[in-house]
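Engineer: One structure coming up, written as structure tokens, with questions to follow.
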Amino acid sequence: MSTHLSTNGAGRARGLGLHRLGHVEGLPIILVCILLVLFFVIFAPRVFLHWPIYFSFLTTVPPMMVLATGLTLVVAAGEIDLSFPSTLAFSGFLFSVCTTSLGSPWLGVLAALAGGALVGVVNGLLVALVGVPSIIVTIGTQFFWAGTASILSGGQSDALQQLDGTAVYEIFAGDLFGFLPMQFLWAAAIAVVTWFILNRHRFGEHVLFIGDNRQVARVAGINVVRETIKLFTIMGLLGGFAALLLTLENLNYFSTQGQGYLLPALAGVFIGGTSVFGGTATIVGTFFGTFIIGMLEAGIVATGIAGFWVQAIEGVIFVAAVTLHLIVESPSKLKTLGSFVGLHRG
Amino acid sequence: MDSQAAAERSYQHIVRAEGISLSYGKIRALSGIDLAIGRNEIVGLIGDNGAGKSTLIKVLTGVVRPTAGNLYIRDEKVDWTRYSVREAHRLRFETVYQEKSLGEKQPLWRNIFVGRQITNRFGFIKVAEQRRIANDILKNQLGFRGVGIDADSTISKLSGGERQGIAIGRAMHFDSDLIILDEPTVALAISEVRKVLDFVRSIKTSGRACIYIEHNLAHVHELADRLIVLDRGRIVADIKSGEMTLEELTKFLIDLQHGGRNVGVG
């Protein structure tokens, strides 16, 4: 080997050593999450030193986490899905109507999942076969399915109190041993399974290569069209499941129940460190990123800052996190920024 | 199973094209291409930009289907309706596309096996095994010793020559009988170019065939058993190694361009 190469190699070897040390997936975001809890414990000890607040997180975060887990796969493939708030409404409606009109909540579970999958398949077909950019397709389908849910339900809400204590409720929204919410167990299980699919399954690898470089994926013999349709279908299915958790937790369906989930779910993915450009993704990051977003609201209120600060602070944290990850991912961006600032000075 | 049997059988040409033509609307990208590649032959494919080199490769490897013509692989006729990238892989054809062969953000072990992963029957990848084989390819096949690269390195950390090496090593690992290189030395430093040319030589030594698309005449003249010159979708020359010196070849190509311009005007 030439001297040029070996010096290069030595530098790389050191880099690898360091890399190994910090090779726990999502370590930075886990630390941020712990720091945030400590911060709240210090500034709002009366709330954050007691179990109920954590119990409340474990019931409210799961729908968001299920969505964010699916989104992580979508973003890994270099795509985006903005239609999931409408899935929450549409699948929630299907569940509610099966429960109240047909008297069968189990049929409702199936209908909610099937409805979610339908939303996903339509997105996938439009993106993969027609070639419309996913951001455009899913803005469109977001309006369509949310509108459909409104029309079908007549804009009404449905009280589902009769499900309290039934098997469906206990399985999806009950408490295990009286203190562990079932929806959290579901969300965690989905995160674990998705981790294995993304990092260990053939499909996950295909998703990563499609996100990394579509041409490379095609040349490698990956059926990009089929995998993209599959990807959006999985996202839809998870959207349907999130709708189930949400509707059962509230024991109520209302046609606007998806509103307010768009930013938090996406923020959970990007705060977690999944690349905005596709090709790399971290489920562990998404898991903790979602908790950070979920904790902020209650935490900010508990520390005594007025509630109307919440959105602004969430927005700042979102943008700051994405920027930070981007700079870590490609330090050259920092140089561009530096020279830009320099340009202004000069 | 088919490919196994086919490979064991003796054959004269790894690939033979017969009257291949391809039009995109009114544009004729290829017209009447006849071409045969021997089983252990390195064939240089040269020609100007837009001469049809890449298109021809795409036809041979199942990326695009021609408008007319036949293809014979190991002397057996190809059924176009069944021919695809995947099928070409199965028949042990491997293309190393310039800049399009490797996923930049993915580790080496994924890049070597993508599309042909070692999995259990549920489709889960046997990562440890893939890692082990990847490291073996790096050390024993490519001689990447002590350069700080291992199966977990991401492609973005490799130099251009190293990337081409990985792609060629991957092709050899999967026992490709025909390796197609699409301008592997473009934008490489001189020391890197030498490495790539050595990789190409190892293709010849290991008894495989190679189609080598190249801009730099010196590189291809030095390596190839035969040179095929394409011009506006046609084969205009088929030159055996030693028939022309590099100077003669260069002059021939320049004349060709000038001649072409005259025809174009007239």
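Ordering of the structure tokens sets the chain letters (A, B, ...); residue numbers start at 1 within each chain; ligands are numbered from 1 in the order shown.
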May I have a table of the residues of chain B lying at most 6 Å from chain A, giving each one's closest pair of atoms and their distance in Å to one decimal, counting only C-alpha atoms, ordered by chain and ascending residue number, as a Markdown table?

Structural biologist:
```
| residue | atom | partner | partner_atom | distance |
| --- | --- | --- | --- | --- |
| B:Val85 | CA | A:Gly221 | CA | 5.9 |
| B:Arg86 | CA | A:Gly221 | CA | 5.4 |
| B:Lys100 | CA | A:Val216 | CA | 4.9 |
| B:Ser101 | CA | A:Val216 | CA | 5.4 |
| B:Gly103 | CA | A:Asp212 | CA | 5.9 |
| B:Gly115 | CA | A:Ala220 | CA | 5.5 |
| B:Gly123 | CA | A:Arg202 | CA | 5.7 |
| B:Phe124 | CA | A:His201 | CA | 4.2 |
| B:Ile125 | CA | A:Arg200 | CA | 5.4 |
| B:Val147 | CA | A:Gly9 | CA | 4.1 |
| B:Gly148 | CA | A:Ala13 | CA | 4.6 |
```

Engineer: Just the residues within 8 Å of Gly294 of chain A, please, counting only C-alpha atoms, with nothing from its chain fewer than 4 positions along; format it as a VMD selection string.

Structural biologist: chain A and resid 57 60 to 61 264 290 298

Engineer: What does the structure give for the distance between atom CA of Pro63 of chain A and atom CA of Gly260 of chain A, in Å to one decimal?

Structural biologist: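 Between atom CA of Pro63 of chain A and atom CA of Gly260 of chain A the gap is 12.0 Å.
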
Engineer: Name all residues at most 8 Å from Trp186 of chain A (count only C-alpha atoms; drop same-chain ones fewer than 3 positions away) and give them as JSON, numbers by chain.

Structural biologist: {"A": [62, 172, 182, 183, 189, 190]}

Engineer: Kindly export the residues of the current selection with C-alpha atoms, as a CSV table (one decimal), in the first residue's frame.

Structural biologist:
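Result written to part22.csv:
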```csv
chain,number,residue,atom,x,y,z
A,62,PRO,CA,-48.4,5.6,22.5
A,172,PHE,CA,-55.8,-2.2,24.0
A,182,MET,CA,-51.5,-1.6,27.8
A,183,GLN,CA,-51.2,0.9,24.9
A,189,ALA,CA,-43.8,-4.0,21.1
A,190,ILE,CA,-44.4,-2.4,17.7
```

Engineer: Applying 7 Å and only C-alpha atoms, which residues near Thr87 of chain A remain after dropping the ones on its own chain fewer than 3 positions away? List them as a PDB file with C-alpha atoms, in the first residue's frame.

Structural biologist:
```pdb
ATOM      1  CA  SER A  83     -51.935  11.766   5.666  1.00  0.00           C
ATOM      2  CA  PHE A  84     -51.819   9.928   8.995  1.00  0.00           C
ATOM      3  CA  PHE A  90     -61.103   7.584   9.271  1.00  0.00           C
ATOM      4  CA  SER A  91     -60.065   4.401  11.101  1.00  0.00           C
ATOM      5  CA  GLY A 116     -55.719   2.259   7.605  1.00  0.00           C
ATOM      6  CA  VAL A 119     -55.312   4.697   3.057  1.00  0.00           C
ATOM      7  CA  TRP A 145     -59.856  10.819   4.049  1.00  0.00           C
ATOM      8  CA  GLY A 239     -52.081   4.629  11.461  1.00  0.00           C
ATOM      9  CA  GLY A 240     -55.175   2.447  11.822  1.00  0.00           C
TER      10      GLY A 240
END
```

Engineer: For Met244 of chain B, work out the shell of residues within 12 Å, counting only C-alpha atoms and skipping chain neighbours fewer than 4 positions away, then give it as a compact mmCIF listing (two decimals) with N, CA and C atoms, in the first residue's frame.

Structural biologist:
```
# COMPACT_ATOMS: atom_id res chain seq x y z
N LEU B 217 -8.46 6.19 -23.44
CA LEU B 217 -8.03 5.17 -24.39
C LEU B 217 -6.82 4.41 -23.90
N HIS B 221 -6.76 0.42 -23.84
CA HIS B 221 -5.86 -0.14 -24.84
C HIS B 221 -4.88 -1.11 -24.17
N GLU B 222 -4.46 -0.74 -22.97
CA GLU B 222 -3.50 -1.52 -22.21
C GLU B 222 -4.08 -2.85 -21.76
N ASP B 225 -8.58 -7.30 -24.54
CA ASP B 225 -8.24 -8.26 -25.58
C ASP B 225 -8.79 -7.77 -26.92
N ARG B 226 -9.83 -6.98 -26.86
CA ARG B 226 -10.52 -6.54 -28.07
C ARG B 226 -11.18 -5.21 -27.77
N LEU B 227 -11.19 -4.33 -28.77
CA LEU B 227 -11.83 -3.04 -28.59
C LEU B 227 -12.99 -2.92 -29.57
N ALA B 237 -16.18 -0.33 -35.47
CA ALA B 237 -14.88 -1.00 -35.55
C ALA B 237 -14.79 -2.07 -34.48
N ASP B 238 -14.07 -3.14 -34.78
CA ASP B 238 -13.86 -4.25 -33.87
C ASP B 238 -12.37 -4.60 -33.99
N ILE B 239 -11.60 -4.17 -33.03
CA ILE B 239 -10.14 -4.20 -33.17
C ILE B 239 -9.54 -5.17 -32.16
N LYS B 240 -8.76 -6.14 -32.65
CA LYS B 240 -8.11 -7.07 -31.73
C LYS B 240 -6.88 -6.43 -31.12
N GLU B 248 -2.46 5.07 -33.33
CA GLU B 248 -3.35 4.78 -34.46
C GLU B 248 -4.81 4.80 -34.03
N LEU B 249 -5.05 4.23 -32.85
CA LEU B 249 -6.41 4.19 -32.34
C LEU B 249 -6.95 5.60 -32.12
N THR B 250 -6.11 6.43 -31.50
CA THR B 250 -6.51 7.80 -31.22
C THR B 250 -6.86 8.53 -32.53
N LYS B 251 -5.97 8.36 -33.52
CA LYS B 251 -6.18 9.01 -34.81
C LYS B 251 -7.48 8.51 -35.46
N PHE B 252 -7.68 7.19 -35.35
CA PHE B 252 -8.89 6.58 -35.91
C PHE B 252 -10.15 7.22 -35.32
N LEU B 253 -10.13 7.40 -34.01
CA LEU B 253 -11.32 7.94 -33.34
C LEU B 253 -11.55 9.40 -33.69
```

Engineer: Do you know which residues are at most 7 Å from Glu104 of chain B counting only C-alpha atoms, after dropping those on the same chain fewer than 6 positions away, and could you put them as a list in words?

Structural biologist: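 My reading of the contact set: Asp212 of chain A; Thr154, Ile155 and Ser156 of chain B.
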
Engineer: When you count only C-alpha atoms, which of these residues is closest to Ala159 of chain A: A:Val47, A:Val97, A:Val127, A:Ala243?

Structural biologist: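 Using only C-alpha atoms, the shortest distance to Ala159 of chain A belongs to A:Val97.
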
Engineer: Just want the 6 Å neighbourhood of Tyr72 of chain B, counted on only C-alpha atoms, with same-chain residues fewer than 2 positions away dropped. Output as a ChimeraX atom specification.

Structural biologist: /B:15-16,75-78

Engineer: Since we have the selection now, will you write its residues out, keeping N, CA and C atoms, as a CSV table (one decimal), in the first residue's frame?

Structural biologist:
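Written out: again.csv:
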```csv
chain,number,residue,atom,x,y,z
B,15,VAL,N,-22.0,-14.0,-23.9
B,15,VAL,CA,-23.1,-13.2,-24.4
B,15,VAL,C,-22.9,-12.9,-25.9
B,16,ARG,N,-24.0,-13.0,-26.6
B,16,ARG,CA,-24.0,-12.7,-28.0
B,16,ARG,C,-25.2,-11.9,-28.4
B,75,ASP,N,-24.7,-19.1,-25.3
B,75,ASP,CA,-25.2,-19.7,-26.5
B,75,ASP,C,-26.7,-20.1,-26.5
B,76,GLU,N,-27.4,-19.6,-25.5
B,76,GLU,CA,-28.9,-19.9,-25.4
B,76,GLU,C,-29.7,-18.7,-25.6
B,77,LYS,N,-30.7,-18.8,-26.4
B,77,LYS,CA,-31.5,-17.6,-26.7
B,77,LYS,C,-32.3,-17.1,-25.5
B,78,VAL,N,-32.3,-15.8,-25.3
B,78,VAL,CA,-33.0,-15.2,-24.1
B,78,VAL,C,-34.4,-14.8,-24.5
```

Engineer: Measure the distance from atom CA of Val74 of chain A to atom CA of Leu198 of chain A in Å and round it to one decimal.

Structural biologist: 10.7 Å

Engineer: If you run DSSP on this backbone, which residues of segment 136-229 of chain A come out as strand (DSSP E or B), and could you give them as a VMD selection string?

Structural biologist: chain A and resid 157 to 159 175 to 176 180 to 181 201

Engineer: Rounded to one decimal, what separation in Å do you get between atom CA of Ile27 of chain B and atom CA of Leu256 of chain B?

Structural biologist: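 Between these atoms lies a distance of 20.8 Å.
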
Engineer: Give the answer as one residue: which of A:Ile234, A:Leu296, A:Ala321, A:Ile313 has the shortest atom-to-atom distance to Thr72 of chain A, using only C-alpha atoms?

Structural biologist: A:Ile234
